[in-house]
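Here is coords.cif, consisting of mmCIF, C-alpha atoms:
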```
data_work
#
loop_
_atom_site.group_PDB
_atom_site.id
_atom_site.type_symbol
_atom_site.label_atom_id
_atom_site.label_comp_id
_atom_site.auth_asym_id
_atom_site.auth_seq_id
_atom_site.Cartn_x
_atom_site.Cartn_y
_atom_site.Cartn_z
ATOM 1 C CA MET H 1 103.524 -250.689 -68.641
ATOM 2 C CA ILE H 2 100.683 -251.361 -66.227
ATOM 3 C CA THR H 3 97.245 -250.502 -67.504
ATOM 4 C CA ALA H 4 94.532 -249.766 -65.032
ATOM 5 C CA THR H 5 91.191 -251.430 -65.508
ATOM 6 C CA ARG H 6 88.426 -248.897 -65.816
ATOM 7 C CA ILE H 7 85.743 -249.316 -63.241
ATOM 8 C CA ASP H 8 82.323 -247.798 -63.000
ATOM 9 C CA GLU H 9 82.627 -245.594 -59.923
ATOM 10 C CA LYS H 10 78.900 -245.777 -59.172
ATOM 11 C CA LYS H 11 78.859 -249.582 -59.287
ATOM 12 C CA TYR H 12 82.033 -249.740 -57.217
ATOM 13 C CA GLY H 13 80.553 -247.283 -54.732
ATOM 14 C CA ARG H 14 77.492 -249.508 -54.312
ATOM 15 C CA LEU H 15 79.739 -252.551 -53.751
ATOM 16 C CA LEU H 16 81.743 -250.613 -51.168
ATOM 17 C CA ALA H 17 78.589 -249.458 -49.403
ATOM 18 C CA LYS H 18 77.286 -253.030 -49.292
ATOM 19 C CA SER H 19 80.511 -254.623 -48.027
ATOM 20 C CA ALA H 20 81.633 -251.659 -45.879
ATOM 21 C CA PRO H 21 85.314 -252.731 -45.863
ATOM 22 C CA ARG H 22 87.464 -251.581 -42.977
ATOM 23 C CA VAL H 23 90.594 -252.624 -41.174
ATOM 24 C CA PRO H 24 89.603 -255.498 -38.860
ATOM 25 C CA GLY H 25 90.086 -254.715 -35.193
ATOM 26 C CA ASN H 26 89.752 -258.271 -33.888
ATOM 27 C CA ASP H 27 89.561 -261.887 -35.023
ATOM 28 C CA LEU H 28 85.769 -261.773 -35.375
ATOM 29 C CA GLU H 29 85.943 -258.847 -37.788
ATOM 30 C CA TYR H 30 88.818 -260.572 -39.585
ATOM 31 C CA GLU H 31 86.707 -263.723 -40.040
ATOM 32 C CA ALA H 32 83.878 -261.595 -41.461
ATOM 33 C CA LEU H 33 86.375 -260.075 -43.889
ATOM 34 C CA LEU H 34 87.527 -263.561 -44.927
ATOM 35 C CA SER H 35 83.897 -264.529 -45.528
ATOM 36 C CA GLN H 36 83.494 -261.613 -47.919
ATOM 37 C CA ILE H 37 86.683 -262.636 -49.740
ATOM 38 C CA GLU H 38 85.554 -266.253 -50.002
ATOM 39 C CA GLU H 39 82.163 -265.173 -51.326
ATOM 40 C CA LEU H 40 83.829 -263.251 -54.145
ATOM 41 C CA MET H 41 86.295 -266.068 -54.812
ATOM 42 C CA THR H 42 83.471 -268.587 -55.306
ATOM 43 C CA LEU H 43 82.352 -266.644 -58.360
ATOM 44 C CA ASP H 44 83.821 -267.619 -61.728
ATOM 45 C CA GLU H 45 87.035 -265.605 -62.080
ATOM 46 C CA ASN H 46 86.221 -264.803 -65.707
ATOM 47 C CA LYS H 47 82.799 -263.455 -64.759
ATOM 48 C CA LEU H 48 83.953 -261.081 -62.009
ATOM 49 C CA SER H 49 83.299 -257.486 -62.922
ATOM 50 C CA ALA H 50 86.120 -254.967 -62.748
ATOM 51 C CA GLU H 51 84.416 -253.541 -59.666
ATOM 52 C CA GLN H 52 84.257 -256.937 -57.947
ATOM 53 C CA THR H 53 87.911 -257.614 -58.789
ATOM 54 C CA THR H 54 88.914 -254.251 -57.334
ATOM 55 C CA LEU H 55 86.924 -254.936 -54.164
ATOM 56 C CA LEU H 56 88.494 -258.394 -53.864
ATOM 57 C CA GLU H 57 91.958 -256.859 -54.116
ATOM 58 C CA LEU H 58 91.104 -254.301 -51.426
ATOM 59 C CA LEU H 59 89.693 -256.926 -49.063
ATOM 60 C CA SER H 60 92.740 -259.138 -49.619
ATOM 61 C CA VAL H 61 95.103 -256.303 -48.721
ATOM 62 C CA LEU H 62 93.152 -255.648 -45.518
ATOM 63 C CA ALA H 63 93.295 -259.371 -44.627
ATOM 64 C CA GLU H 64 97.037 -259.594 -45.320
ATOM 65 C CA GLN H 65 97.753 -256.526 -43.182
ATOM 66 C CA TYR H 66 95.723 -257.934 -40.293
ATOM 67 C CA GLU H 67 97.487 -261.309 -40.526
ATOM 68 C CA GLU H 68 100.941 -259.717 -40.662
ATOM 69 C CA LYS H 69 100.172 -257.590 -37.624
ATOM 70 C CA ASN H 70 98.246 -260.077 -35.485
ATOM 71 C CA HIS H 71 99.404 -263.500 -36.660
ATOM 72 C CA PRO H 72 102.965 -263.057 -37.964
ATOM 73 C CA ILE H 73 104.407 -266.107 -39.611
ATOM 74 C CA GLY H 74 108.099 -265.239 -39.398
ATOM 75 C CA ASN H 75 110.645 -267.728 -40.654
ATOM 76 C CA ALA H 76 108.696 -270.898 -39.970
ATOM 77 C CA GLU H 77 109.087 -274.001 -42.104
ATOM 78 C CA PRO H 78 106.589 -273.964 -44.997
ATOM 79 C CA ILE H 79 104.912 -277.185 -43.861
ATOM 80 C CA ASN H 80 104.444 -275.760 -40.355
ATOM 81 C CA VAL H 81 102.927 -272.601 -41.820
ATOM 82 C CA LEU H 82 100.524 -274.720 -43.843
ATOM 83 C CA HIS H 83 99.510 -276.778 -40.816
ATOM 84 C CA ASP H 84 98.997 -273.607 -38.730
ATOM 85 C CA LEU H 85 96.872 -271.954 -41.397
ATOM 86 C CA MET H 86 94.785 -275.100 -41.737
ATOM 87 C CA ALA H 87 94.284 -275.263 -37.969
ATOM 88 C CA GLN H 88 93.264 -271.582 -37.794
ATOM 89 C CA ARG H 89 90.545 -272.237 -40.357
ATOM 90 C CA SER H 90 89.589 -275.729 -39.133
ATOM 91 C CA LEU H 91 90.514 -277.265 -42.490
ATOM 92 C CA THR H 92 91.255 -280.915 -43.145
ATOM 93 C CA GLN H 93 93.433 -282.594 -45.729
ATOM 94 C CA LYS H 94 90.351 -283.135 -47.878
ATOM 95 C CA ASP H 95 89.808 -279.363 -48.067
ATOM 96 C CA LEU H 96 93.132 -278.993 -49.917
ATOM 97 C CA TRP H 97 92.755 -281.770 -52.494
ATOM 98 C CA GLY H 98 91.664 -279.329 -55.165
ATOM 99 C CA LEU H 99 94.654 -277.069 -54.551
ATOM 100 C CA PHE H 100 97.208 -279.860 -54.860
ATOM 101 C CA GLY H 101 95.370 -281.744 -57.594
ATOM 102 C CA SER H 102 95.100 -285.106 -55.852
ATOM 103 C CA LYS H 103 94.706 -286.875 -52.531
ATOM 104 C CA GLY H 104 98.136 -288.460 -52.897
ATOM 105 C CA ILE H 105 100.078 -285.254 -53.430
ATOM 106 C CA THR H 106 98.159 -283.560 -50.626
ATOM 107 C CA SER H 107 98.976 -286.418 -48.269
ATOM 108 C CA GLU H 108 102.653 -286.444 -49.222
ATOM 109 C CA VAL H 109 103.005 -282.682 -48.729
ATOM 110 C CA LEU H 110 101.184 -282.662 -45.389
ATOM 111 C CA SER H 111 103.248 -285.595 -44.104
ATOM 112 C CA GLY H 112 106.508 -283.923 -45.149
ATOM 113 C CA LYS H 113 107.385 -286.552 -47.764
ATOM 114 C CA ARG H 114 107.112 -283.981 -50.558
ATOM 115 C CA SER H 115 107.991 -280.295 -50.527
ATOM 116 C CA ILE H 116 105.579 -277.615 -51.666
ATOM 117 C CA SER H 117 106.137 -276.804 -55.342
ATOM 118 C CA LYS H 118 106.189 -273.224 -56.598
ATOM 119 C CA SER H 119 102.870 -273.680 -58.395
ATOM 120 C CA ASN H 120 101.289 -275.136 -55.246
ATOM 121 C CA ALA H 121 102.796 -272.307 -53.176
ATOM 122 C CA LYS H 122 101.073 -269.815 -55.453
ATOM 123 C CA ARG H 123 97.707 -271.572 -55.140
ATOM 124 C CA LEU H 124 98.074 -271.887 -51.356
ATOM 125 C CA ALA H 125 98.988 -268.209 -51.076
ATOM 126 C CA GLN H 126 95.868 -267.206 -52.995
ATOM 127 C CA PHE H 127 93.697 -269.567 -50.971
ATOM 128 C CA PHE H 128 95.031 -268.420 -47.574
ATOM 129 C CA HIS H 129 95.565 -264.767 -48.594
ATOM 130 C CA VAL H 130 99.243 -264.727 -47.633
ATOM 131 C CA SER H 131 102.490 -264.238 -49.498
ATOM 132 C CA GLU H 132 103.607 -267.272 -51.487
ATOM 133 C CA ALA H 133 107.069 -266.762 -49.956
ATOM 134 C CA VAL H 134 105.866 -268.416 -46.717
ATOM 135 C CA PHE H 135 105.436 -271.707 -48.594
ATOM 136 C CA ILE H 136 108.819 -271.700 -50.383
#
```

Using structure tokens, write down the structure that the file contains.
Amino acid sequence: MITATRIDEKKYGRLLAKSAPRVPGNDLEYEALLSQIEELMTLDENKLSAEQTTLLELLSVLAEQYEEKNHPIGNAEPINVLHDLMAQRSLTQKDLWGLFGSKGITSEVLSGKRSISKSNAKRLAQFFHVSEAVFI
């Protein structure tokens, strides 16, 4: 049974008014949406209010829909998907150390010497706001 988290509608309404979420119509609007997501994700997960968590979920859905429509991944190899996503966001290997847990593992994955584990696929999916299936 799924239980819904109760949110304060007034607080959530103020968050919505401040962030003004909408379906991005171009890459610039999409980047602004990603900035809002990243801002929320920098907060301690345990300290996010129910309203902030709900907003983060909404923004993530909007980002995923935009990516699926405008930047479809298809059946690409997971490592190629990772390299493409890194290039789109101008990320370097160093930017992913925290996701993989070490420089060595990051280097091995990015060079193709090691495949992406399921736990890393989950972290990458959350970080890039895509389905973890693209990394498996």

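If you measure from each of H:Leu59, H:Lys103, H:Leu110, H:Asp95 to His129 of chain H using all atoms listed in the file, the closest one turns out to be H:Leu59.
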
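Of the residues under consideration (H:Phe100, H:Glu67, H:Glu77, H:Gln93), H:Glu67 shows the shortest atom-to-atom contact distance to Asp27 of chain H when counting all atoms listed in the file.
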
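Contact shell of segment 29-41 of chain H at 8 Å (all atoms listed in the file; same-chain neighbours under 4 positions omitted): H:Ser19, H:Pro21, H:Pro24, H:Gly25, H:Glu45, H:Gln52, H:Leu56, H:Leu59, H:Ser60, H:Ala63, H:Tyr66.
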
Centre and edge lengths of an axis-aligned box around all listed atoms of segment 111-126 of chain H, with 5 Å added on each side, are to be given in Å to one decimal, as AutoDock Vina command-line options.
```
--center_x 101.9 --center_y -276.9 --center_z -51.2 --size_x 22.1 --size_y 29.3 --size_z 24.3
```

If you count only C-alpha atoms, the residue of H:Gln88, H:Leu28, H:Ile7, H:Ala20 closest to Leu48 of chain H turns out to be H:Ile7

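The neighbours of Gly112 of chain H here are the residues that come within 12 Å of it, using only C-alpha atoms and leaving out any residue fewer than 6 positions away in the same chain; they are Glu77, Pro78, Ile79, Asn80, Leu82, His83, Ile105 and Thr106 of chain H.
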
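Proximity of H:Asp8, H:Leu15, H:Ile136, H:Val23 to Ala121 of chain H, computed with all atoms listed in the file, is greatest for H:Ile136.
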
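The coordinates place atom CA of Ala125 of chain H at 17.2 Å from atom CA of Lys69 of chain H.
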
In Å, rounded to a single decimal, give me how far atom CA of Arg14 of chain H is from atom CA of Thr42 of chain H.
20.0 Å

Go ahead and compute the interatomic distance for atom CA of Val109 of chain H and atom CA of Phe135 of chain H, in Å to one decimal.
11.2 Å

Using only C-alpha atoms, the best pick from H:Ser111, H:Asn46, H:Asn26, H:Thr54 as closest to Arg6 of chain H would be H:Thr54

Name the residues captured by the PyMOL selection byres ((chain H and resi 122) around 12) when it is applied to the shown file; answer as an MDAnalysis selection string.
chainID H and resid 99:100 116:121 123:136

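Proximity ranking of H:Glu68, H:Glu51, H:Gly101, H:Ala87 relative to Lys10 of chain H places H:Glu51 first, based on only C-alpha atoms.
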